[in-house]
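What follows is data.cif (mmCIF, C-alpha atoms and all ligand atoms).
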```
data_protein
#
loop_
_atom_site.label_atom_id
_atom_site.label_comp_id
_atom_site.auth_asym_id
_atom_site.auth_seq_id
_atom_site.Cartn_x
_atom_site.Cartn_y
_atom_site.Cartn_z
CA MET A 135 -28.17 18.07 23.98
CA ARG A 136 -26.91 18.25 27.54
CA LYS A 137 -28.89 20.43 29.91
CA ILE A 138 -25.97 22.71 30.66
CA ASP A 139 -25.39 23.25 26.95
CA LYS A 140 -29.00 24.29 26.57
CA ILE A 141 -28.74 26.70 29.48
CA LEU A 142 -25.53 28.23 28.21
CA LYS A 143 -26.75 28.44 24.63
CA SER A 144 -29.90 30.25 25.71
CA LEU A 145 -27.76 32.59 27.79
CA GLY A 146 -25.61 33.30 24.78
CA ALA A 147 -28.63 34.98 23.22
CA LEU A 148 -29.19 37.02 26.36
CA VAL A 149 -25.57 38.00 26.91
CA PRO A 150 -23.79 37.98 23.54
CA GLY A 151 -20.16 36.97 23.81
CA CYS A 152 -20.47 35.27 27.17
CA PHE A 153 -21.15 31.71 26.11
CA SER A 154 -20.57 29.77 22.96
CA ASN A 155 -20.76 26.28 24.43
CA ALA A 156 -20.33 24.46 27.71
CA THR A 157 -16.60 23.91 27.45
CA LYS A 158 -15.73 27.38 26.16
CA PHE A 159 -17.83 29.61 28.38
CA ALA A 160 -16.33 32.92 29.44
CA THR A 161 -15.31 33.24 33.05
CA THR A 162 -15.98 36.87 33.74
CA GLY A 163 -17.94 37.42 36.93
CA VAL A 164 -20.82 39.14 35.23
CA CYS A 165 -21.41 36.28 32.83
CA ILE A 166 -21.38 33.71 35.62
CA LEU A 167 -23.69 35.88 37.70
CA VAL A 168 -26.16 36.10 34.85
CA ALA A 169 -25.85 32.36 34.21
CA THR A 170 -26.70 31.48 37.76
CA MET A 171 -29.68 33.77 37.77
CA PHE A 172 -31.10 31.77 34.89
CA LEU A 173 -30.41 28.29 36.26
CA PRO A 174 -33.59 26.21 36.55
CA ALA A 175 -35.14 26.57 39.99
CA ASP A 176 -35.39 22.78 40.40
CA SER A 177 -31.75 22.02 39.59
CA ALA A 178 -30.88 21.81 43.30
CA ARG A 179 -33.80 19.64 44.44
CA ALA A 180 -32.47 16.76 46.49
CA VAL A 181 -34.20 14.72 49.13
CA THR A 182 -34.03 11.35 50.85
CA LEU A 183 -37.28 9.62 51.74
CA THR A 184 -37.99 6.54 53.82
CA ILE A 185 -40.55 4.26 52.18
CA THR A 186 -42.29 1.21 53.63
CA VAL A 187 -42.99 -1.52 51.09
CA ASP A 188 -45.53 -4.17 52.12
CA GLY A 189 -45.66 -7.65 50.63
CA SER A 190 -49.13 -6.74 49.40
CA ASP A 191 -47.91 -3.72 47.39
CA ALA A 192 -48.68 -5.02 43.92
CA ILE A 193 -46.53 -3.11 41.42
CA PHE A 194 -49.08 -3.99 38.71
CA LEU A 195 -51.60 -1.78 40.55
CA ALA A 196 -49.37 1.31 40.35
CA GLY A 197 -51.58 4.36 39.94
CA ARG A 198 -54.77 2.27 39.72
CA THR A 199 -57.00 4.49 41.82
CA ASP A 200 -59.82 3.38 39.51
CA VAL A 201 -59.72 -0.23 40.75
CA VAL A 202 -61.85 -1.63 43.58
CA ILE A 203 -59.84 -4.36 45.28
CA PRO A 204 -62.20 -7.18 46.32
CA PRO A 205 -62.34 -8.47 49.92
CA ALA A 206 -59.57 -10.99 50.61
CA ALA A 207 -62.05 -13.89 50.79
CA ASP A 208 -63.35 -13.26 47.24
CA PRO A 209 -61.64 -13.77 43.90
CA TRP A 210 -61.14 -10.82 41.59
CA PRO A 211 -63.90 -10.69 39.01
CA GLY A 212 -62.59 -11.34 35.53
CA PRO A 213 -61.61 -11.41 32.82
CA GLY A 214 -59.86 -8.06 32.47
CA THR A 215 -58.19 -6.19 35.27
CA ARG A 216 -57.54 -8.76 37.96
CA LEU A 217 -54.86 -10.29 40.14
CA ILE A 218 -54.79 -14.06 40.58
CA ARG A 219 -55.39 -15.35 44.12
CA HIS A 220 -55.03 -18.75 45.75
CA GLY A 221 -58.13 -20.96 45.43
CA PRO A 222 -58.42 -22.05 49.06
CA PRO A 223 -58.00 -19.32 51.70
CA THR A 224 -54.39 -18.61 52.61
CA PRO A 225 -53.39 -18.49 56.30
CA GLU A 226 -52.72 -14.79 55.81
CA GLU A 227 -55.71 -13.82 53.60
CA ILE A 228 -53.91 -10.63 52.67
CA GLN A 229 -55.63 -8.12 50.40
CA GLU A 230 -53.49 -6.51 47.69
CA THR A 231 -52.63 -2.83 48.17
CA LEU A 232 -51.82 0.01 45.80
CA PRO A 233 -48.04 0.49 45.93
CA PRO A 234 -46.61 3.69 47.45
CA PHE A 235 -44.99 6.35 45.31
CA ILE A 236 -42.62 9.28 45.56
CA SER A 237 -42.97 12.48 43.53
CA VAL A 238 -40.40 12.93 40.76
CA THR A 239 -39.71 15.12 37.75
CA GLY A 240 -38.35 13.96 34.41
CA GLY A 241 -34.54 13.80 34.61
CA ASP A 242 -34.45 13.15 38.36
CA ILE A 243 -31.86 10.58 39.43
CA VAL A 244 -33.20 8.09 41.98
CA GLN A 245 -30.94 5.86 44.08
CA VAL A 246 -31.33 3.63 47.10
CA ALA A 247 -30.00 5.59 50.06
CA ASP A 248 -30.10 3.14 52.97
CA PRO A 249 -30.17 -0.64 53.27
CA ALA A 250 -33.61 -2.12 53.89
CA VAL A 251 -34.88 -3.07 57.33
CA GLY A 252 -37.36 -5.95 57.55
CA GLY A 253 -38.49 -8.56 55.06
CA ILE A 254 -41.40 -10.12 53.15
CA SER A 255 -42.63 -13.73 53.22
CA PHE A 256 -43.83 -14.65 49.71
CA PHE A 257 -45.19 -18.08 50.52
CA ASN A 258 -48.03 -19.72 52.44
CA GLY A 259 -47.71 -19.24 56.19
CA PHE A 260 -46.69 -16.43 58.48
CA GLY A 261 -43.13 -15.68 59.41
CA ALA A 262 -39.72 -16.78 58.16
CA PRO A 263 -38.23 -17.06 55.67
CA PHE A 264 -38.35 -13.31 55.05
CA PHE A 265 -36.79 -11.78 51.95
CA GLY A 266 -35.41 -8.25 51.55
CA PRO A 267 -35.42 -6.09 48.39
CA GLY A 268 -33.19 -8.54 46.53
CA GLY A 269 -36.07 -11.04 46.56
CA ASN A 270 -35.29 -14.70 47.04
CA GLY A 271 -32.22 -14.55 44.83
CA VAL A 272 -33.52 -17.03 42.25
CA ASP A 273 -33.77 -16.07 38.58
CA GLY A 274 -36.74 -17.08 36.46
CA SER A 275 -39.62 -14.72 37.21
CA ASN A 276 -41.59 -13.87 34.07
CA LEU A 277 -44.84 -12.03 34.71
CA ALA A 278 -47.38 -10.75 32.18
CA PRO A 279 -48.35 -7.08 31.84
CA LEU A 280 -51.54 -5.74 33.39
CA ASP A 281 -53.39 -3.14 31.30
CA GLY A 282 -50.97 -0.24 30.75
CA ILE A 283 -48.20 -1.54 33.05
CA SER A 284 -45.45 -3.71 31.56
CA GLY A 285 -44.60 -7.25 32.57
CA TYR A 286 -41.53 -8.19 34.59
CA ILE A 287 -38.66 -10.58 33.83
CA GLY A 288 -35.83 -11.20 36.29
CA PRO A 289 -35.11 -12.51 39.78
CA GLN A 290 -38.08 -13.60 41.87
CA GLY A 291 -39.82 -11.11 44.15
CA PRO A 292 -37.39 -8.16 44.35
CA LEU A 293 -38.14 -4.53 45.05
CA VAL A 294 -39.15 -3.02 41.70
CA GLY A 295 -40.20 0.42 40.57
CA VAL A 296 -42.26 2.00 37.82
CA PHE A 297 -42.45 5.63 36.67
CA LEU A 298 -45.81 7.12 35.73
CA ASP A 299 -47.19 10.48 34.72
CA ASN A 300 -50.41 11.75 36.31
CA SER A 301 -52.70 9.53 34.25
CA ILE A 302 -54.18 6.16 35.32
CA PRO A 303 -52.51 3.30 33.37
CA ASN A 304 -55.77 1.42 32.85
CA SER A 305 -55.46 0.65 29.15
CA GLY A 306 -52.93 -0.92 26.85
CA PRO A 307 -50.86 -1.57 25.01
CA PRO A 308 -48.25 -1.74 27.76
CA PRO A 309 -44.62 -0.83 27.03
CA THR A 310 -42.03 -3.53 26.29
CA THR A 311 -41.12 -5.70 29.28
CA LEU A 312 -37.51 -5.16 30.42
CA ASP A 313 -35.46 -8.33 30.95
CA PHE A 314 -33.39 -8.41 34.14
CA SER A 315 -32.69 -12.14 33.95
CA ALA A 316 -29.16 -13.49 33.66
CA GLY A 317 -29.85 -14.01 29.93
CA GLY A 318 -31.01 -10.39 29.58
CA MET A 319 -29.40 -7.26 31.00
CA GLY A 320 -29.04 -8.85 34.44
CA VAL A 321 -29.13 -6.81 37.64
CA ASP A 322 -25.59 -5.38 37.73
CA PHE A 323 -26.22 -2.28 35.58
CA LEU A 324 -24.87 1.07 36.80
CA SER A 325 -27.67 3.22 35.45
CA LEU A 326 -31.05 2.68 33.87
CA ALA A 327 -33.49 4.97 32.07
CA PRO A 328 -36.83 3.12 31.95
CA ASP A 329 -39.82 4.40 29.99
CA LEU A 330 -43.08 5.38 31.62
CA ALA A 331 -45.03 2.33 32.88
CA GLN A 332 -42.06 0.03 32.42
CA ILE A 333 -41.36 -2.06 35.55
CA PHE A 334 -37.69 -2.05 36.52
CA TYR A 335 -35.61 -4.04 38.99
CA ILE A 336 -34.24 -2.07 41.95
CA GLY A 337 -33.27 -4.82 44.39
CA ASP A 338 -30.93 -3.53 47.07
CA GLY A 339 -29.87 -0.72 44.70
CA VAL A 340 -26.19 -1.67 44.69
CA THR A 341 -24.13 -3.56 42.10
CA GLY A 342 -22.13 -6.65 42.96
CA SER A 343 -19.05 -4.45 43.29
CA GLY A 344 -20.74 -2.01 45.64
CA ASP A 345 -21.64 0.87 43.32
CA PHE A 346 -24.97 2.62 43.83
CA GLN A 347 -27.23 2.16 40.83
CA SER A 348 -29.01 5.15 39.27
CA PHE A 349 -32.52 5.27 37.87
CA GLU A 350 -33.40 8.25 35.66
CA ALA A 351 -37.00 9.45 35.56
CA PRO A 352 -38.25 9.68 31.95
CA THR A 353 -39.70 12.84 30.44
CA GLY A 354 -43.22 13.39 31.74
CA ALA A 355 -42.77 11.30 34.89
CA THR A 356 -44.40 12.74 38.01
CA ARG A 357 -44.40 9.64 40.23
CA MET A 358 -42.17 6.67 40.95
CA PHE A 359 -43.96 3.69 42.51
CA LEU A 360 -42.25 1.01 44.58
CA GLY A 361 -43.66 -2.48 44.98
CA ILE A 362 -43.34 -6.22 44.47
CA PRO A 363 -43.84 -8.37 41.34
CA ASP A 364 -45.56 -11.63 42.35
CA GLY A 365 -47.43 -14.50 40.70
CA PHE A 366 -47.82 -18.25 41.13
CA GLY A 367 -44.27 -19.54 40.88
CA PHE A 368 -43.42 -15.92 39.97
CA VAL A 369 -44.56 -16.60 36.38
CA GLY A 370 -47.64 -15.97 34.25
CA LEU A 371 -50.45 -13.65 35.28
CA PRO A 372 -49.65 -11.29 38.16
CA GLY A 373 -51.06 -12.31 41.53
CA ALA A 374 -50.43 -14.60 44.54
CA TYR A 375 -50.10 -11.60 46.84
CA ASP A 376 -52.59 -13.04 49.33
CA ASP A 377 -49.88 -14.87 51.33
CA ASN A 378 -47.32 -12.03 51.30
CA ASP A 379 -47.01 -11.00 54.94
CA GLY A 380 -44.24 -8.71 56.13
CA SER A 381 -42.72 -5.45 54.94
CA TYR A 382 -39.45 -3.56 54.77
CA ARG A 383 -38.39 0.05 55.08
CA ILE A 384 -35.89 1.48 52.63
CA GLY A 385 -34.32 4.90 52.06
CA ILE A 386 -34.70 6.38 48.57
CA GLY A 387 -32.64 9.39 47.48
CA ILE A 388 -33.60 11.78 44.69
CA ASN A 389 -30.71 13.73 43.11
CA GLU A 390 -28.62 13.08 46.21
CA ALA A 391 -25.36 12.35 44.38
CA PRO A 392 -23.48 14.52 43.77
CA PRO A 393 -24.50 16.86 46.61
CA ALA A 394 -27.02 19.60 45.95
CA ILE A 395 -25.77 22.82 44.39
CA PRO A 396 -25.97 25.56 47.04
CA ILE A 397 -27.47 28.98 46.45
CA PRO A 398 -24.49 31.30 47.06
CA ALA A 399 -24.52 34.96 48.01
CA ALA A 400 -21.39 36.21 46.22
CA VAL A 401 -20.34 36.23 42.58
CA TRP A 402 -17.31 34.00 43.18
CA LEU A 403 -19.61 31.44 44.75
CA PHE A 404 -21.87 31.67 41.73
CA GLY A 405 -18.84 30.65 39.69
CA SER A 406 -18.21 27.58 41.86
CA ALA A 407 -21.82 26.52 41.56
CA LEU A 408 -21.79 26.76 37.79
CA ILE A 409 -18.53 24.83 37.45
CA GLY A 410 -19.97 22.18 39.77
CA LEU A 411 -23.00 21.88 37.57
CA VAL A 412 -20.87 21.40 34.46
CA GLY A 413 -18.96 18.63 36.24
CA PHE A 414 -22.19 16.99 37.33
CA SER A 415 -23.52 17.05 33.79
CA LYS A 416 -20.35 15.38 32.48
CA ARG A 417 -20.48 12.66 35.11
CA ARG A 418 -24.07 11.91 34.30
CA LYS A 419 -23.28 11.56 30.62
CA THR A 420 -20.57 9.01 31.24
CA ALA A 421 -22.39 7.10 34.02
CA CA A 501 -47.06 -14.92 47.27
CA CA A 502 -46.50 -15.74 53.93
#
```

Can you turn what I pasted into structure tokens?
Amino acid sequence: MRKIDKILKSLGALVPGCFSNATKFATTGVCILVATMFLPADSARAVTLTITVDGSDAIFLAGRTDVVIPPAADPWPGPGTRLIRHGPPTPEEIQETLPPFISVTGGDIVQVADPAVGGISFFNGFGAPFFGPGGNGVDGSNLAPLDGISGYIGPQGPLVGVFLDNSIPNSGPPPTTLDFSAGGMGVDFLSLAPDLAQIFYIGDGVTGSGDFQSFEAPTGATRMFLGIPDGFGFVGLPGAYDDNDGSYRIGIGINEAPPAIPIPAAVWLFGSALIGLVGFSKRRKTA
């Protein structure tokens, strides 16, 4: 059931005769006033954040505050929780890092807000070529899950995300791996609703025709992590982060489109806010 329907239905119990359903709600000022008073406090939360993603931000380590990352000169002990590293030292000798996250609530709509600035070098040696959030544009990455985090299938080395609740994803089974390859769903989707712990492609956040893509936080989500999926040849066990120098900054918007619903002072403004919310709900359903 749509959120607005739930709100209006619950209000119907409070104010009999005011609301029967979302499309037939009464328009008297008192009903709208009461409706607005009962709107969820978080319905207007909207924010844009600037995030820096380093080449070392291993998406497979999302939320893994339980893991001790070994010094760059040592291999990860195994088997079990480990990222694969190059045998000989890399010129960079970069140590993997826990990916950054933003706080979210289930139902939040996340979109890329600004183009990225900077780039990441996936391969041995410092400097160019640097790749932005679209990765190196070549399909064929297929990386295995790590503990409770899913695998990744799709283009090589893009910006990816994963939603988590407050728990540490240190045990399996992981959720199903989403397939963003050309033979799967591809990368031109308009909206996506991943499950918890399911890695999803973000890329530059825009479809081929220029539409901003939407990512909906699943029920229970409290955090959305941003990082890089890497491995030798971008396939197999996750790893090969120890030559990933560089970083990029990218703007991430939460519930930024459509604009936030204001908190009005007069009854007639309450009415506008409610009608705006109904419109927003319809757009989301058809997105
Ligand atoms: Ca690499
Ligand atoms: Ca490099």

Just want the residues within 8 Å of ligand CA 501 (chain A), written as a list in words, counting all atoms listed in the file.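 Based on all atoms listed in the file, ligand CA 501 (chain A) is surrounded within 8 Å by Ser255, Phe256, Phe257, Asn258, Asp364, Gly365, Phe366, Gly373, Ala374, Tyr375, Asp376, Asp377 and Asn378 of chain A.
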
Could you work out how far CA of Tyr286 in chain A lies from CA of Phe334 in chain A, giving the answer in Å with one decimal?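 The value is 7.5 Å.
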
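For the set A:Ala327, A:Leu183, A:Ala250, A:Leu195, the residue with the smallest atom-to-atom gap to Glu350 in chain A is A:Ala327, counting only C-alpha atoms.
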
Might you pull out every residue within 10 Å of Ile185 in chain A, with all atoms listed in the file counted and same-chain residues fewer than 5 positions away left off, and present them as a count of residues only? 10

Which residue, A:Pro233, A:Pro292, A:Pro223, A:Gly380, has the smallest gap to ligand CA 502 (chain A) when you use only C-alpha atoms and all ligand atoms?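 Using only C-alpha atoms and all ligand atoms, the shortest distance to ligand CA 502 (chain A) belongs to A:Gly380.
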
When you draw a straight line from CA of Gly282 in chain A to CA of Ile218 in chain A, how long is it in Å? 17.4 Å

Nearest to ligand CA 502 (chain A), chosen from A:Ala207, A:Ile243, A:Ile228, A:Ala180, with only C-alpha atoms and all ligand atoms counted in the distances: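 So, comparing all the options, the nearest one is A:Ile228.
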
Between CA of Asn304 in chain A and CA of Thr239 in chain A, measure the distance and give it in Å to one decimal. 21.7 Å

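With distances taken over all atoms listed in the file, A:Phe260 is the one residue among A:Phe368, A:Phe265, A:Phe297, A:Phe260 lying closest to ligand CA 502 (chain A).
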
May I have the residues within 8 Å of Gln290 in chain A as a VMD selection string, using only C-alpha atoms and disregarding those fewer than 5 positions away in the same chain? chain A and resid 269 to 275 363 to 364 368

Within 8 Å of (-39.8, 5.1, 31.2), in the coordinates the file gives, what residues turn up when you count only C-alpha atoms, written out as a ChimeraX atom specification? /A:296-298,327-332,351-353,355

Which polymer residues have any atom within 8 Å of an atom of Ala316 in chain A, counting all atoms listed in the file, with same-chain residues fewer than 3 positions away left out, as an MDAnalysis selection string? chainID A and resid 273 288 319:321

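The shortest atom-to-atom distance to ligand CA 502 (chain A), with only C-alpha atoms and all ligand atoms taken into account, belongs to A:Phe264 out of A:Trp210, A:Phe349, A:Phe264, A:Phe194.
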
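When all atoms listed in the file are used to measure the gap to Glu390 in chain A, the shortest distance among A:Ala196, A:Leu326, A:Ala247, A:Val369 belongs to A:Ala247.
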
Here's a test: counting only C-alpha atoms, identify every protein, DNA and RNA residue with an atom at most 8 Å from (-59.2, -0.1, 30.3) in the file's coordinate frame, and state them as a list in words. Thr215, Asp281, Asn304, Ser305 and Gly306 of chain A

Can you patch up range 286-305 of chain A, filling it in to N, CA and C atoms, and show the result as a short mmCIF file (atom, residue, chain, number, x, y, z; two decimals), in the coordinates of the input?
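Final output, rebuild-v9.cif:
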```cif
data_model
loop_
_atom_site.label_atom_id
_atom_site.label_comp_id
_atom_site.auth_asym_id
_atom_site.auth_seq_id
_atom_site.Cartn_x
_atom_site.Cartn_y
_atom_site.Cartn_z
N TYR A 286 -42.81 -8.21 33.86
CA TYR A 286 -41.53 -8.19 34.59
C TYR A 286 -40.80 -9.50 34.34
N ILE A 287 -39.52 -9.40 33.99
CA ILE A 287 -38.66 -10.58 33.83
C ILE A 287 -37.39 -10.36 34.65
N GLY A 288 -37.05 -11.34 35.50
CA GLY A 288 -35.83 -11.20 36.29
C GLY A 288 -35.87 -12.09 37.51
N PRO A 289 -35.08 -11.74 38.53
CA PRO A 289 -35.11 -12.51 39.78
C PRO A 289 -36.50 -12.48 40.43
N GLN A 290 -36.74 -13.44 41.29
CA GLN A 290 -38.08 -13.60 41.87
C GLN A 290 -38.29 -12.68 43.08
N GLY A 291 -39.34 -11.87 42.99
CA GLY A 291 -39.82 -11.11 44.15
C GLY A 291 -38.97 -9.97 44.67
N PRO A 292 -38.19 -9.27 43.82
CA PRO A 292 -37.39 -8.16 44.35
C PRO A 292 -38.21 -6.89 44.51
N LEU A 293 -37.58 -5.88 45.10
CA LEU A 293 -38.14 -4.53 45.05
C LEU A 293 -38.03 -4.05 43.60
N VAL A 294 -39.15 -3.58 43.05
CA VAL A 294 -39.15 -3.02 41.70
C VAL A 294 -39.81 -1.65 41.74
N GLY A 295 -39.60 -0.90 40.69
CA GLY A 295 -40.20 0.42 40.57
C GLY A 295 -40.87 0.59 39.23
N VAL A 296 -41.69 1.64 39.11
CA VAL A 296 -42.26 2.00 37.82
C VAL A 296 -42.58 3.50 37.85
N PHE A 297 -42.15 4.20 36.80
CA PHE A 297 -42.45 5.63 36.67
C PHE A 297 -43.77 5.81 35.94
N LEU A 298 -44.56 6.77 36.41
CA LEU A 298 -45.81 7.12 35.73
C LEU A 298 -45.95 8.63 35.66
N ASP A 299 -46.76 9.09 34.70
CA ASP A 299 -47.19 10.48 34.72
C ASP A 299 -48.44 10.56 35.59
N ASN A 300 -49.26 11.60 35.41
CA ASN A 300 -50.41 11.75 36.31
C ASN A 300 -51.62 10.94 35.88
N SER A 301 -51.53 10.25 34.74
CA SER A 301 -52.70 9.53 34.25
C SER A 301 -52.78 8.12 34.86
N ILE A 302 -53.96 7.51 34.81
CA ILE A 302 -54.18 6.16 35.32
C ILE A 302 -53.85 5.17 34.20
N PRO A 303 -52.93 4.23 34.44
CA PRO A 303 -52.51 3.30 33.37
C PRO A 303 -53.48 2.13 33.22
N ASN A 304 -54.73 2.46 32.85
CA ASN A 304 -55.77 1.42 32.85
C ASN A 304 -56.07 0.87 31.46
N SER A 305 -55.24 1.22 30.47
CA SER A 305 -55.46 0.65 29.15
C SER A 305 -54.13 0.41 28.45
#
```
